[in-house]
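Visitor: Have a peek at protein33.pdb (PDB, C-alpha atoms, pLDDT in the B column).
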```pdb
ATOM      1  CA  MET I 749      24.223 -13.936  24.260  1.00 40.00           C
ATOM      2  CA  ARG I 750      21.297 -11.566  23.749  1.00 36.00           C
ATOM      3  CA  PHE I 751      21.774  -7.834  23.834  1.00 37.00           C
ATOM      4  CA  PRO I 752      19.178  -5.239  24.706  1.00 40.00           C
ATOM      5  CA  ILE I 753      17.494  -3.470  21.820  1.00 38.00           C
ATOM      6  CA  LEU I 754      17.665   0.296  21.782  1.00 40.00           C
ATOM      7  CA  VAL I 755      14.566   1.982  20.412  1.00 37.00           C
ATOM      8  CA  ALA I 756      14.848   5.583  19.278  1.00 40.00           C
ATOM      9  CA  THR I 757      12.839   8.094  17.285  1.00 37.00           C
ATOM     10  CA  VAL I 758      13.975  10.123  14.305  1.00 37.00           C
ATOM     11  CA  SER I 759      12.712  13.679  14.397  1.00 38.00           C
ATOM     12  CA  LEU I 760      11.624  14.371  10.827  1.00 40.00           C
ATOM     13  CA  ALA I 761       8.562  16.090   9.419  1.00 41.00           C
ATOM     14  CA  TRP I 762       6.860  12.925  10.637  1.00 43.00           C
ATOM     15  CA  SER I 763       8.265  10.643  13.331  1.00 45.00           C
ATOM     16  CA  ILE I 764       9.606   7.271  12.233  1.00 46.00           C
ATOM     17  CA  PRO I 765      10.331   4.848  15.077  1.00 43.00           C
ATOM     18  CA  PHE I 766      13.435   2.857  14.258  1.00 43.00           C
ATOM     19  CA  VAL I 767      15.669   0.266  15.869  1.00 43.00           C
ATOM     20  CA  VAL I 768      19.445   0.228  16.224  1.00 40.00           C
ATOM     21  CA  ALA I 769      20.551  -3.148  17.509  1.00 38.00           C
ATOM     22  CA  ASP I 770      22.748  -6.174  17.067  1.00 38.00           C
ATOM     23  CA  GLU I 771      19.510  -8.123  16.774  1.00 45.00           C
ATOM     24  CA  ALA I 772      17.445  -6.298  14.187  1.00 62.00           C
ATOM     25  CA  LYS I 773      13.775  -7.232  14.307  1.00 81.00           C
ATOM     26  CA  PRO I 774      11.693  -5.885  11.432  1.00 92.00           C
ATOM     27  CA  GLY I 775       8.478  -4.261  12.585  1.00 91.00           C
ATOM     28  CA  ASP I 776       5.297  -2.616  11.381  1.00 93.00           C
ATOM     29  CA  ALA I 777       5.825   0.839  12.885  1.00 91.00           C
ATOM     30  CA  THR I 778       4.710   2.728   9.764  1.00 97.00           C
ATOM     31  CA  LEU I 779       2.745   0.023   7.944  1.00 97.00           C
ATOM     32  CA  GLY I 780      -0.500   1.589   6.766  1.00 97.00           C
ATOM     33  CA  GLN I 781       0.557   5.045   7.932  1.00 97.00           C
ATOM     34  CA  PRO I 782      -1.587   7.686   6.222  1.00 97.00           C
ATOM     35  CA  ALA I 783      -0.060  10.585   4.352  1.00 98.00           C
ATOM     36  CA  PRO I 784       0.697  13.488   6.710  1.00 97.00           C
ATOM     37  CA  GLU I 785      -0.299  17.084   6.118  1.00 97.00           C
ATOM     38  CA  GLY I 786       1.539  18.520   3.137  1.00 97.00           C
ATOM     39  CA  ALA I 787       2.148  15.141   1.505  1.00 98.00           C
ATOM     40  CA  THR I 788       0.938  13.957  -1.895  1.00 97.00           C
ATOM     41  CA  VAL I 789      -0.525  10.471  -2.257  1.00 98.00           C
ATOM     42  CA  VAL I 790       1.029   9.075  -5.441  1.00 98.00           C
ATOM     43  CA  PHE I 791      -0.785   5.743  -5.189  1.00 98.00           C
ATOM     44  CA  GLY I 792      -3.755   5.393  -2.882  1.00 96.00           C
ATOM     45  CA  GLY I 793      -5.239   2.175  -4.220  1.00 97.00           C
ATOM     46  CA  GLU I 794      -7.849   3.457  -6.659  1.00 96.00           C
ATOM     47  CA  ASN I 795      -6.184   3.904 -10.037  1.00 97.00           C
ATOM     48  CA  LEU I 796      -3.009   4.883 -11.857  1.00 98.00           C
ATOM     49  CA  ASP I 797      -3.868   8.531 -12.356  1.00 97.00           C
ATOM     50  CA  GLY I 798      -0.615  10.483 -12.272  1.00 98.00           C
ATOM     51  CA  TRP I 799       1.499   7.565 -13.507  1.00 99.00           C
ATOM     52  CA  VAL I 800       2.991   7.125 -16.977  1.00 98.00           C
ATOM     53  CA  LYS I 801       5.480   4.941 -18.796  1.00 98.00           C
ATOM     54  CA  THR I 802       9.070   6.084 -19.016  1.00 96.00           C
ATOM     55  CA  ASP I 803       8.348   8.047 -22.187  1.00 95.00           C
ATOM     56  CA  ALA I 804       6.585  10.409 -19.732  1.00 95.00           C
ATOM     57  CA  LYS I 805       3.366  10.476 -21.782  1.00 94.00           C
ATOM     58  CA  THR I 806       1.888   6.980 -22.300  1.00 97.00           C
ATOM     59  CA  PRO I 807      -0.493   5.956 -19.477  1.00 96.00           C
ATOM     60  CA  ALA I 808       0.938   3.342 -17.114  1.00 98.00           C
ATOM     61  CA  GLY I 809      -0.266  -0.205 -17.778  1.00 96.00           C
ATOM     62  CA  TRP I 810       0.328  -2.048 -14.511  1.00 98.00           C
ATOM     63  CA  VAL I 811      -2.494  -3.822 -12.673  1.00 98.00           C
ATOM     64  CA  VAL I 812      -4.538  -2.243  -9.883  1.00 98.00           C
ATOM     65  CA  GLN I 813      -6.459  -4.857  -7.907  1.00 98.00           C
ATOM     66  CA  ASP I 814      -8.099  -4.612  -4.481  1.00 98.00           C
ATOM     67  CA  GLY I 815      -6.214  -1.417  -3.695  1.00 98.00           C
ATOM     68  CA  ILE I 816      -2.839  -2.879  -4.677  1.00 99.00           C
ATOM     69  CA  LEU I 817      -0.521  -1.907  -7.531  1.00 99.00           C
ATOM     70  CA  ILE I 818       1.004  -4.988  -9.178  1.00 99.00           C
ATOM     71  CA  VAL I 819       3.893  -5.097 -11.626  1.00 98.00           C
ATOM     72  CA  LYS I 820       2.754  -6.325 -15.038  1.00 98.00           C
ATOM     73  CA  PRO I 821       5.795  -8.223 -16.324  1.00 98.00           C
ATOM     74  CA  GLY I 822       6.880  -7.025 -19.733  1.00 97.00           C
ATOM     75  CA  GLU I 823       4.975  -3.762 -19.473  1.00 97.00           C
ATOM     76  CA  GLY I 824       8.057  -1.828 -18.439  1.00 98.00           C
ATOM     77  CA  ALA I 825       8.760   0.612 -15.639  1.00 98.00           C
ATOM     78  CA  ILE I 826       6.292   3.306 -14.636  1.00 99.00           C
ATOM     79  CA  GLN I 827       6.918   6.720 -13.128  1.00 99.00           C
ATOM     80  CA  THR I 828       5.032   9.606 -11.601  1.00 99.00           C
ATOM     81  CA  GLU I 829       4.048  12.449 -13.891  1.00 98.00           C
ATOM     82  CA  LYS I 830       5.216  14.880 -11.244  1.00 98.00           C
ATOM     83  CA  SER I 831       8.847  15.476 -10.373  1.00 98.00           C
ATOM     84  CA  PHE I 832      10.241  16.129  -6.914  1.00 98.00           C
ATOM     85  CA  GLY I 833      13.383  17.640  -5.411  1.00 98.00           C
ATOM     86  CA  ASP I 834      14.134  16.935  -1.740  1.00 99.00           C
ATOM     87  CA  PHE I 835      11.488  14.751  -0.137  1.00 99.00           C
ATOM     88  CA  GLN I 836      10.331  12.152   2.335  1.00 99.00           C
ATOM     89  CA  LEU I 837       8.827   9.051   0.727  1.00 99.00           C
ATOM     90  CA  HIS I 838       6.740   6.225   2.150  1.00 99.00           C
ATOM     91  CA  VAL I 839       6.444   2.974   0.182  1.00 99.00           C
ATOM     92  CA  GLU I 840       4.826  -0.339   1.100  1.00 99.00           C
ATOM     93  CA  PHE I 841       5.798  -3.396  -0.943  1.00 99.00           C
ATOM     94  CA  ASN I 842       5.290  -7.138  -0.997  1.00 99.00           C
ATOM     95  CA  VAL I 843       7.563  -9.554  -2.864  1.00 99.00           C
ATOM     96  CA  PRO I 844       6.239 -12.864  -4.248  1.00 98.00           C
ATOM     97  CA  TYR I 845       7.322 -16.273  -2.971  1.00 98.00           C
ATOM     98  CA  MET I 846       9.558 -17.758  -5.675  1.00 97.00           C
ATOM     99  CA  PRO I 847      11.372 -20.755  -4.115  1.00 95.00           C
ATOM    100  CA  ASP I 848      12.447 -22.082  -7.509  1.00 95.00           C
ATOM    101  CA  LYS I 849      14.372 -18.879  -8.270  1.00 94.00           C
ATOM    102  CA  LYS I 850      17.623 -17.485  -6.918  1.00 92.00           C
ATOM    103  CA  GLY I 851      19.379 -14.164  -6.551  1.00 94.00           C
ATOM    104  CA  GLN I 852      18.155 -11.318  -8.737  1.00 96.00           C
ATOM    105  CA  ALA I 853      15.360 -13.468 -10.215  1.00 95.00           C
ATOM    106  CA  ARG I 854      13.542 -13.608  -6.893  1.00 96.00           C
ATOM    107  CA  GLY I 855      10.953 -10.871  -6.323  1.00 97.00           C
ATOM    108  CA  ASN I 856      12.956  -8.165  -8.064  1.00 98.00           C
ATOM    109  CA  SER I 857      11.857  -4.574  -8.545  1.00 98.00           C
ATOM    110  CA  GLY I 858      13.184  -1.192  -7.521  1.00 99.00           C
ATOM    111  CA  VAL I 859      12.167   2.284  -6.414  1.00 99.00           C
ATOM    112  CA  TYR I 860      14.084   4.996  -8.263  1.00 99.00           C
ATOM    113  CA  LEU I 861      14.409   8.202  -6.256  1.00 99.00           C
ATOM    114  CA  GLY I 862      14.390  11.274  -8.450  1.00 98.00           C
ATOM    115  CA  GLY I 863      14.162   8.840 -11.340  1.00 98.00           C
ATOM    116  CA  ILE I 864      17.867   7.932 -11.211  1.00 98.00           C
ATOM    117  CA  TYR I 865      18.824   6.418  -7.832  1.00 99.00           C
ATOM    118  CA  GLU I 866      17.625   2.838  -7.313  1.00 99.00           C
ATOM    119  CA  LEU I 867      16.544   1.556  -3.915  1.00 99.00           C
ATOM    120  CA  GLN I 868      16.438  -2.198  -4.522  1.00 99.00           C
ATOM    121  CA  VAL I 869      13.370  -4.353  -3.906  1.00 99.00           C
ATOM    122  CA  LEU I 870      14.083  -8.100  -3.717  1.00 99.00           C
ATOM    123  CA  ASP I 871      13.428 -11.221  -1.676  1.00 98.00           C
ATOM    124  CA  SER I 872      16.571 -11.096   0.474  1.00 98.00           C
ATOM    125  CA  TYR I 873      15.098 -12.562   3.649  1.00 97.00           C
ATOM    126  CA  GLY I 874      17.718 -14.235   5.839  1.00 96.00           C
ATOM    127  CA  LEU I 875      20.635 -13.508   3.520  1.00 96.00           C
ATOM    128  CA  LYS I 876      24.001 -11.909   4.146  1.00 97.00           C
ATOM    129  CA  LEU I 877      23.364  -8.755   2.171  1.00 98.00           C
ATOM    130  CA  GLN I 878      25.322  -7.546  -0.828  1.00 97.00           C
ATOM    131  CA  ASN I 879      25.018  -4.247  -2.645  1.00 98.00           C
ATOM    132  CA  ASN I 880      22.333  -5.647  -4.958  1.00 98.00           C
ATOM    133  CA  ASP I 881      20.018  -7.008  -2.257  1.00 98.00           C
ATOM    134  CA  CYS I 882      16.823  -5.601  -0.814  1.00 99.00           C
ATOM    135  CA  GLY I 883      17.318  -2.224   0.835  1.00 99.00           C
ATOM    136  CA  ALA I 884      20.558  -1.509  -1.010  1.00 99.00           C
ATOM    137  CA  ILE I 885      21.223   1.492  -3.166  1.00 99.00           C
ATOM    138  CA  TYR I 886      21.868  -0.719  -6.146  1.00 98.00           C
ATOM    139  CA  GLN I 887      25.544  -1.608  -6.657  1.00 98.00           C
ATOM    140  CA  GLN I 888      26.598   1.099  -4.188  1.00 98.00           C
ATOM    141  CA  ILE I 889      25.502   0.806  -0.571  1.00 98.00           C
ATOM    142  CA  ILE I 890      24.892  -2.335   1.473  1.00 99.00           C
ATOM    143  CA  PRO I 891      22.276  -1.880   4.218  1.00 99.00           C
ATOM    144  CA  ALA I 892      23.721  -1.820   7.742  1.00 98.00           C
ATOM    145  CA  VAL I 893      21.506  -4.758   8.752  1.00 98.00           C
ATOM    146  CA  ASN I 894      19.113  -7.138   7.026  1.00 98.00           C
ATOM    147  CA  ALA I 895      15.688  -5.749   7.898  1.00 98.00           C
ATOM    148  CA  CYS I 896      13.786  -7.883   5.375  1.00 98.00           C
ATOM    149  CA  LYS I 897      10.640  -9.808   6.137  1.00 98.00           C
ATOM    150  CA  PRO I 898       9.836 -13.111   4.437  1.00 98.00           C
ATOM    151  CA  PRO I 899       8.124 -12.965   1.034  1.00 98.00           C
ATOM    152  CA  LEU I 900       4.343 -12.440   0.958  1.00 98.00           C
ATOM    153  CA  GLN I 901       4.532 -10.029   3.891  1.00 98.00           C
ATOM    154  CA  TRP I 902       4.060  -6.275   3.545  1.00 99.00           C
ATOM    155  CA  GLN I 903       7.201  -4.236   4.138  1.00 99.00           C
ATOM    156  CA  THR I 904       7.903  -0.517   4.410  1.00 99.00           C
ATOM    157  CA  TYR I 905      10.490   1.931   3.166  1.00 99.00           C
ATOM    158  CA  ASP I 906      10.589   5.374   4.751  1.00 99.00           C
ATOM    159  CA  VAL I 907      13.093   7.416   2.803  1.00 99.00           C
ATOM    160  CA  THR I 908      14.559  10.881   3.222  1.00 99.00           C
ATOM    161  CA  PHE I 909      16.165  12.087  -0.007  1.00 99.00           C
ATOM    162  CA  HIS I 910      18.169  15.199  -0.841  1.00 99.00           C
ATOM    163  CA  LYS I 911      19.021  15.735  -4.491  1.00 99.00           C
ATOM    164  CA  ALA I 912      22.529  16.588  -5.662  1.00 99.00           C
ATOM    165  CA  VAL I 913      23.706  20.189  -5.744  1.00 98.00           C
ATOM    166  CA  VAL I 914      25.083  21.317  -9.102  1.00 98.00           C
ATOM    167  CA  GLU I 915      26.969  24.546  -9.711  1.00 98.00           C
ATOM    168  CA  GLY I 916      28.384  25.588 -13.063  1.00 96.00           C
ATOM    169  CA  GLY I 917      27.450  22.245 -14.546  1.00 95.00           C
ATOM    170  CA  LYS I 918      29.395  20.292 -11.911  1.00 97.00           C
ATOM    171  CA  VAL I 919      28.127  18.264  -8.965  1.00 98.00           C
ATOM    172  CA  VAL I 920      29.459  19.979  -5.843  1.00 98.00           C
ATOM    173  CA  LYS I 921      27.424  17.884  -3.428  1.00 98.00           C
ATOM    174  CA  LYS I 922      26.167  14.389  -4.195  1.00 99.00           C
ATOM    175  CA  ALA I 923      22.614  13.267  -3.523  1.00 99.00           C
ATOM    176  CA  ARG I 924      22.041  11.893  -0.006  1.00 99.00           C
ATOM    177  CA  VAL I 925      19.628   9.323   1.315  1.00 99.00           C
ATOM    178  CA  THR I 926      18.457   7.862   4.611  1.00 99.00           C
ATOM    179  CA  VAL I 927      16.449   4.622   4.511  1.00 99.00           C
ATOM    180  CA  VAL I 928      14.344   3.161   7.309  1.00 99.00           C
ATOM    181  CA  HIS I 929      13.335  -0.370   6.302  1.00 99.00           C
ATOM    182  CA  ASN I 930      10.571  -1.988   8.360  1.00 98.00           C
ATOM    183  CA  GLY I 931      11.314   0.421  11.200  1.00 98.00           C
ATOM    184  CA  ILE I 932      15.075  -0.151  11.151  1.00 98.00           C
ATOM    185  CA  LYS I 933      17.496   2.504   9.942  1.00 98.00           C
ATOM    186  CA  THR I 934      19.600   0.688   7.361  1.00 98.00           C
ATOM    187  CA  ILE I 935      21.201   3.601   5.474  1.00 99.00           C
ATOM    188  CA  ASP I 936      22.091   6.814   7.294  1.00 99.00           C
ATOM    189  CA  ASP I 937      22.461  10.035   5.277  1.00 99.00           C
ATOM    190  CA  ALA I 938      24.738   8.392   2.710  1.00 99.00           C
ATOM    191  CA  GLU I 939      26.023  10.007  -0.479  1.00 99.00           C
ATOM    192  CA  ILE I 940      24.849   8.219  -3.615  1.00 99.00           C
ATOM    193  CA  ASN I 941      25.484   8.266  -7.358  1.00 98.00           C
ATOM    194  CA  PRO I 942      22.976   7.779 -10.197  1.00 98.00           C
ATOM    195  CA  THR I 943      22.041   4.176 -10.982  1.00 96.00           C
ATOM    196  CA  PRO I 944      21.764   2.657 -14.484  1.00 93.00           C
ATOM    197  CA  GLY I 945      18.265   1.821 -15.696  1.00 93.00           C
ATOM    198  CA  GLY I 946      16.459   4.935 -14.545  1.00 96.00           C
ATOM    199  CA  THR I 947      15.194   7.984 -16.390  1.00 97.00           C
ATOM    200  CA  SER I 948      17.223  10.455 -18.430  1.00 95.00           C
ATOM    201  CA  HIS I 949      17.165  13.048 -15.649  1.00 97.00           C
ATOM    202  CA  LYS I 950      20.483  14.483 -14.522  1.00 97.00           C
ATOM    203  CA  ALA I 951      21.909  14.778 -11.014  1.00 98.00           C
ATOM    204  CA  GLY I 952      20.619  17.946  -9.385  1.00 98.00           C
ATOM    205  CA  GLU I 953      17.348  18.010 -11.323  1.00 98.00           C
ATOM    206  CA  ASP I 954      13.940  17.339  -9.831  1.00 98.00           C
ATOM    207  CA  GLY I 955      12.816  13.888 -10.924  1.00 98.00           C
ATOM    208  CA  PRO I 956       9.938  11.411 -10.656  1.00 99.00           C
ATOM    209  CA  ILE I 957       9.470   8.326  -8.541  1.00 99.00           C
ATOM    210  CA  LEU I 958       9.991   5.331 -10.835  1.00 99.00           C
ATOM    211  CA  LEU I 959       8.942   1.744 -10.112  1.00 99.00           C
ATOM    212  CA  GLN I 960      10.876  -0.934 -11.962  1.00 98.00           C
ATOM    213  CA  ASP I 961       9.505  -3.870 -13.938  1.00 98.00           C
ATOM    214  CA  HIS I 962      12.074  -6.653 -13.529  1.00 97.00           C
ATOM    215  CA  GLY I 963       9.722  -9.439 -14.617  1.00 97.00           C
ATOM    216  CA  ASN I 964       8.312 -10.312 -11.178  1.00 98.00           C
ATOM    217  CA  LYS I 965       4.836  -9.557  -9.810  1.00 98.00           C
ATOM    218  CA  VAL I 966       5.947  -7.362  -6.936  1.00 99.00           C
ATOM    219  CA  GLN I 967       3.113  -5.471  -5.239  1.00 99.00           C
ATOM    220  CA  PHE I 968       2.969  -1.886  -3.964  1.00 99.00           C
ATOM    221  CA  ARG I 969       0.499   0.141  -1.945  1.00 99.00           C
ATOM    222  CA  ASN I 970       0.213   3.322   0.136  1.00 99.00           C
ATOM    223  CA  LEU I 971       2.820   5.419  -1.668  1.00 99.00           C
ATOM    224  CA  TRP I 972       3.060   9.043  -0.595  1.00 99.00           C
ATOM    225  CA  ILE I 973       5.657  11.755  -0.783  1.00 99.00           C
ATOM    226  CA  LYS I 974       6.230  14.948   1.178  1.00 99.00           C
ATOM    227  CA  PRO I 975       8.462  17.651  -0.298  1.00 98.00           C
ATOM    228  CA  LEU I 976      11.094  19.121   1.999  1.00 97.00           C
ATOM    229  CA  SER I 977      11.571  22.881   2.031  1.00 75.00           C
TER     230      SER I 977
END
```
Turn the structure described in the file into structure tokens.

Guide:
Amino acid sequence: MRFPILVATVSLAWSIPFVVADEAKPGDATLGQPAPEGATVVFGGENLDGWVKTDAKTPAGWVVQDGILIVKPGEGAIQTEKSFGDFQLHVEFNVPYMPDKKGQARGNSGVYLGGIYELQVLDSYGLKLQNNDCGAIYQQIIPAVNACKPPLQWQTYDVTFHKAVVEGGKVVKKARVTVVHNGIKTIDDAEINPTPGGTSHKAGEDGPILLQDHGNKVQFRNLWIKPLS
């Protein structure tokens, strides 16, 4: 039996069309979307200005080719020089086709929000998702639906992130995240904990956007971020 698909619109600083349905169909609603007013383009296709290695001072060494940022295996993760607090983030990514690989060896990378919360990037097309698959907050939150496209196709993450609130040295409110993956809301204002493998930033601090080198030539483009007041 087929069920009707309900299409709705999230009212954020920019509108993200998303789908809530038993039959999730990934779309291109925000693919190629330009940065809105007030946003900062952190990768626009020209160079790696504003990006450094995780020592926060050595220039990033990934490959920029034809407007695309490509992981250089073995080079290590890269991060923005700037740090951010609460924000909306747009990321476009493309995972390689690796039919001879399985699981975490297949198109693996990650986007670390605030430097310490990993939003997984992986070839998870057609799989029953676990908490280490594409769209997951790594080892914590399984996406509500599998919104992945096949490898070699451009995909989008539209993320709303609120950093943790710390008072007297204690976390009184955990960080929260909403993820819209290829136009489908897959994580809805969920509390999250820091993920291993990120920067040395602490919960509650402003932090960078970090892109992970997991040994696969994952591609990125059109990355922009808009701080939330």

Visitor: Quick one: residues within 9 Å of Gln903 in chain I, all atoms listed in the file counted, chain neighbours fewer than 4 positions away excluded, as number ranges by chain?

Guide: I: 774-776, 779, 839-843, 896-897, 929-930

Visitor: Do you know which residues the PyMOL selection byres ((chain I and resi 961) around 6) returns on this file, as a PyMOL selection string?

Guide: chain I and resi 824-825+857+960+962-963

Visitor: Would you put the residues from that selection into a file with C-alpha atoms, as a PDB file, in the coordinates of the input?

Guide:
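Output file out25.pdb is given in full below:
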```pdb
ATOM      1  CA  GLY I 824       8.057  -1.828 -18.439  1.00 98.00           C
ATOM      2  CA  ALA I 825       8.760   0.612 -15.639  1.00 98.00           C
ATOM      3  CA  SER I 857      11.857  -4.574  -8.545  1.00 98.00           C
ATOM      4  CA  GLN I 960      10.876  -0.934 -11.962  1.00 98.00           C
ATOM      5  CA  HIS I 962      12.074  -6.653 -13.529  1.00 97.00           C
ATOM      6  CA  GLY I 963       9.722  -9.439 -14.617  1.00 97.00           C
TER       7      GLY I 963
END
```

Visitor: Mind pulling up the distance from CA of Phe832 in chain I to CA of Asp881 in chain I?

Guide: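 Between these atoms lies a distance of 25.5 Å.
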
Visitor: Running the PyMOL selection byres ((chain I and resi 823) around 12) on this model by hand, what would come out? Give it as a list in words.

Guide: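 After applying the PyMOL selection byres ((chain I and resi 823) around 12), what remains is Val800, Lys801, Thr802, Thr806, Pro807, Ala808, Gly809, Trp810, Val811, Ile818, Val819, Lys820, Pro821, Gly822, Gly824, Ala825, Ile826, Leu959, Gln960, Asp961, His962, Gly963, Asn964 and Lys965 of chain I.
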
Visitor: Using all atoms listed in the file for the distances, tell me which of I:Ser948, I:Asn880, I:Gln836, I:Thr943 is nearest to His910 in chain I.

Guide: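 Among the listed residues, I:Gln836 lies closest to His910 in chain I.
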
Visitor: Please, what is the axis-aligned box for every listed atom of range 955-959 of chain I with 8 Å on each side, as centre and edge lengths in Å to one decimal, as lines of an AutoDock Vina configuration file?

Guide:
```
center_x = 10.9
center_y = 7.8
center_z = -9.7
size_x = 19.9
size_y = 28.1
size_z = 18.4
```

Visitor: What's the separation between CA of Tyr905 in chain I and CA of Lys850 in chain I, in Å to one decimal place?

Guide: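 That distance, rounded to one decimal, is 23.0 Å.
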
Visitor: Taking (14.3, -14.9, 10.7) in the file's own coordinates, collect the residues within 10 Å, counting all atoms listed in the file, and hand them back as a list in words.

Guide: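 Checking each residue against the 10 Å limit leaves Ala772, Lys773, Pro774, Tyr873, Gly874, Leu875, Asn894, Ala895, Cys896, Lys897 and Pro898 of chain I.
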
Visitor: Give me the result of the PyMOL selection byres ((chain I and resi 891) around 12) on this file, residue by residue, as a ChimeraX atom specification.

Guide: /I:772,867-868,872,875-890,892-896,925-929,932-938

Visitor: So that I can see what lies close to range 785-790 of chain I, please list as a list of chain:residue names the residues with an atom at most 7 Å from it, counting all atoms listed in the file and leaving out residues fewer than 2 positions away in the same chain.

Guide: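 The residues that qualify are I:Ala783, I:Gly792, I:Leu971, I:Trp972, I:Ile973, I:Lys974.
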
Visitor: What would the file look like if the residues just selected were written as a short mmCIF file (atom, residue, chain, number, x, y, z; two decimals), in the coordinates of the input with C-alpha atoms?

Guide:
```cif
data_model
loop_
_atom_site.label_atom_id
_atom_site.label_comp_id
_atom_site.auth_asym_id
_atom_site.auth_seq_id
_atom_site.Cartn_x
_atom_site.Cartn_y
_atom_site.Cartn_z
CA ALA I 783 -0.06 10.58 4.35
CA GLY I 792 -3.76 5.39 -2.88
CA LEU I 971 2.82 5.42 -1.67
CA TRP I 972 3.06 9.04 -0.60
CA ILE I 973 5.66 11.76 -0.78
CA LYS I 974 6.23 14.95 1.18
#
```

Visitor: So how many Å separate CA of Gly916 in chain I and CA of Gly952 in chain I, to one decimal?

Guide: 11.5 Å

Visitor: Fix up range 935-949 of chain I with N, CA and C atoms, then write it as a PDB file, keeping the file's coordinate frame.

Guide:
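Output below, filename out.pdb:
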```pdb
ATOM      1  N   ILE I 935      20.277   2.693   6.159  1.00 99.00           N
ATOM      2  CA  ILE I 935      21.201   3.601   5.474  1.00 99.00           C
ATOM      3  C   ILE I 935      21.038   4.972   6.109  1.00 99.00           C
ATOM      4  N   ASP I 936      22.148   5.576   6.515  1.00 99.00           N
ATOM      5  CA  ASP I 936      22.091   6.814   7.294  1.00 99.00           C
ATOM      6  C   ASP I 936      22.777   7.965   6.562  1.00 99.00           C
ATOM      7  N   ASP I 937      21.987   8.801   5.917  1.00 99.00           N
ATOM      8  CA  ASP I 937      22.461  10.035   5.277  1.00 99.00           C
ATOM      9  C   ASP I 937      23.701   9.776   4.418  1.00 99.00           C
ATOM     10  N   ALA I 938      23.599   8.799   3.546  1.00 99.00           N
ATOM     11  CA  ALA I 938      24.738   8.392   2.710  1.00 99.00           C
ATOM     12  C   ALA I 938      24.717   9.116   1.366  1.00 99.00           C
ATOM     13  N   GLU I 939      25.908   9.446   0.863  1.00 99.00           N
ATOM     14  CA  GLU I 939      26.023  10.007  -0.479  1.00 99.00           C
ATOM     15  C   GLU I 939      25.828   8.897  -1.511  1.00 99.00           C
ATOM     16  N   ILE I 940      25.120   9.225  -2.590  1.00 99.00           N
ATOM     17  CA  ILE I 940      24.849   8.219  -3.615  1.00 99.00           C
ATOM     18  C   ILE I 940      25.051   8.806  -5.009  1.00 99.00           C
ATOM     19  N   ASN I 941      25.312   7.909  -5.955  1.00 98.00           N
ATOM     20  CA  ASN I 941      25.484   8.266  -7.358  1.00 98.00           C
ATOM     21  C   ASN I 941      24.310   7.732  -8.172  1.00 98.00           C
ATOM     22  N   PRO I 942      24.046   8.299  -9.344  1.00 98.00           N
ATOM     23  CA  PRO I 942      22.976   7.779 -10.197  1.00 98.00           C
ATOM     24  C   PRO I 942      23.182   6.305 -10.531  1.00 98.00           C
ATOM     25  N   THR I 943      22.059   5.608 -10.712  1.00 96.00           N
ATOM     26  CA  THR I 943      22.041   4.176 -10.982  1.00 96.00           C
ATOM     27  C   THR I 943      21.607   3.919 -12.426  1.00 96.00           C
ATOM     28  N   PRO I 944      22.235   2.994 -13.133  1.00 93.00           N
ATOM     29  CA  PRO I 944      21.764   2.657 -14.484  1.00 93.00           C
ATOM     30  C   PRO I 944      20.322   2.151 -14.458  1.00 93.00           C
ATOM     31  N   GLY I 945      19.611   2.363 -15.564  1.00 93.00           N
ATOM     32  CA  GLY I 945      18.265   1.821 -15.696  1.00 93.00           C
ATOM     33  C   GLY I 945      17.148   2.763 -15.327  1.00 93.00           C
ATOM     34  N   GLY I 946      17.486   3.976 -14.915  1.00 96.00           N
ATOM     35  CA  GLY I 946      16.459   4.935 -14.545  1.00 96.00           C
ATOM     36  C   GLY I 946      16.057   5.831 -15.703  1.00 96.00           C
ATOM     37  N   THR I 947      15.611   7.027 -15.375  1.00 97.00           N
ATOM     38  CA  THR I 947      15.194   7.984 -16.390  1.00 97.00           C
ATOM     39  C   THR I 947      16.410   8.732 -16.938  1.00 97.00           C
ATOM     40  N   SER I 948      16.142   9.661 -17.834  1.00 95.00           N
ATOM     41  CA  SER I 948      17.223  10.455 -18.430  1.00 95.00           C
ATOM     42  C   SER I 948      17.517  11.725 -17.642  1.00 95.00           C
ATOM     43  N   HIS I 949      16.912  11.866 -16.467  1.00 97.00           N
ATOM     44  CA  HIS I 949      17.165  13.048 -15.649  1.00 97.00           C
ATOM     45  C   HIS I 949      18.635  13.092 -15.222  1.00 97.00           C
TER      46      HIS I 949
END
```
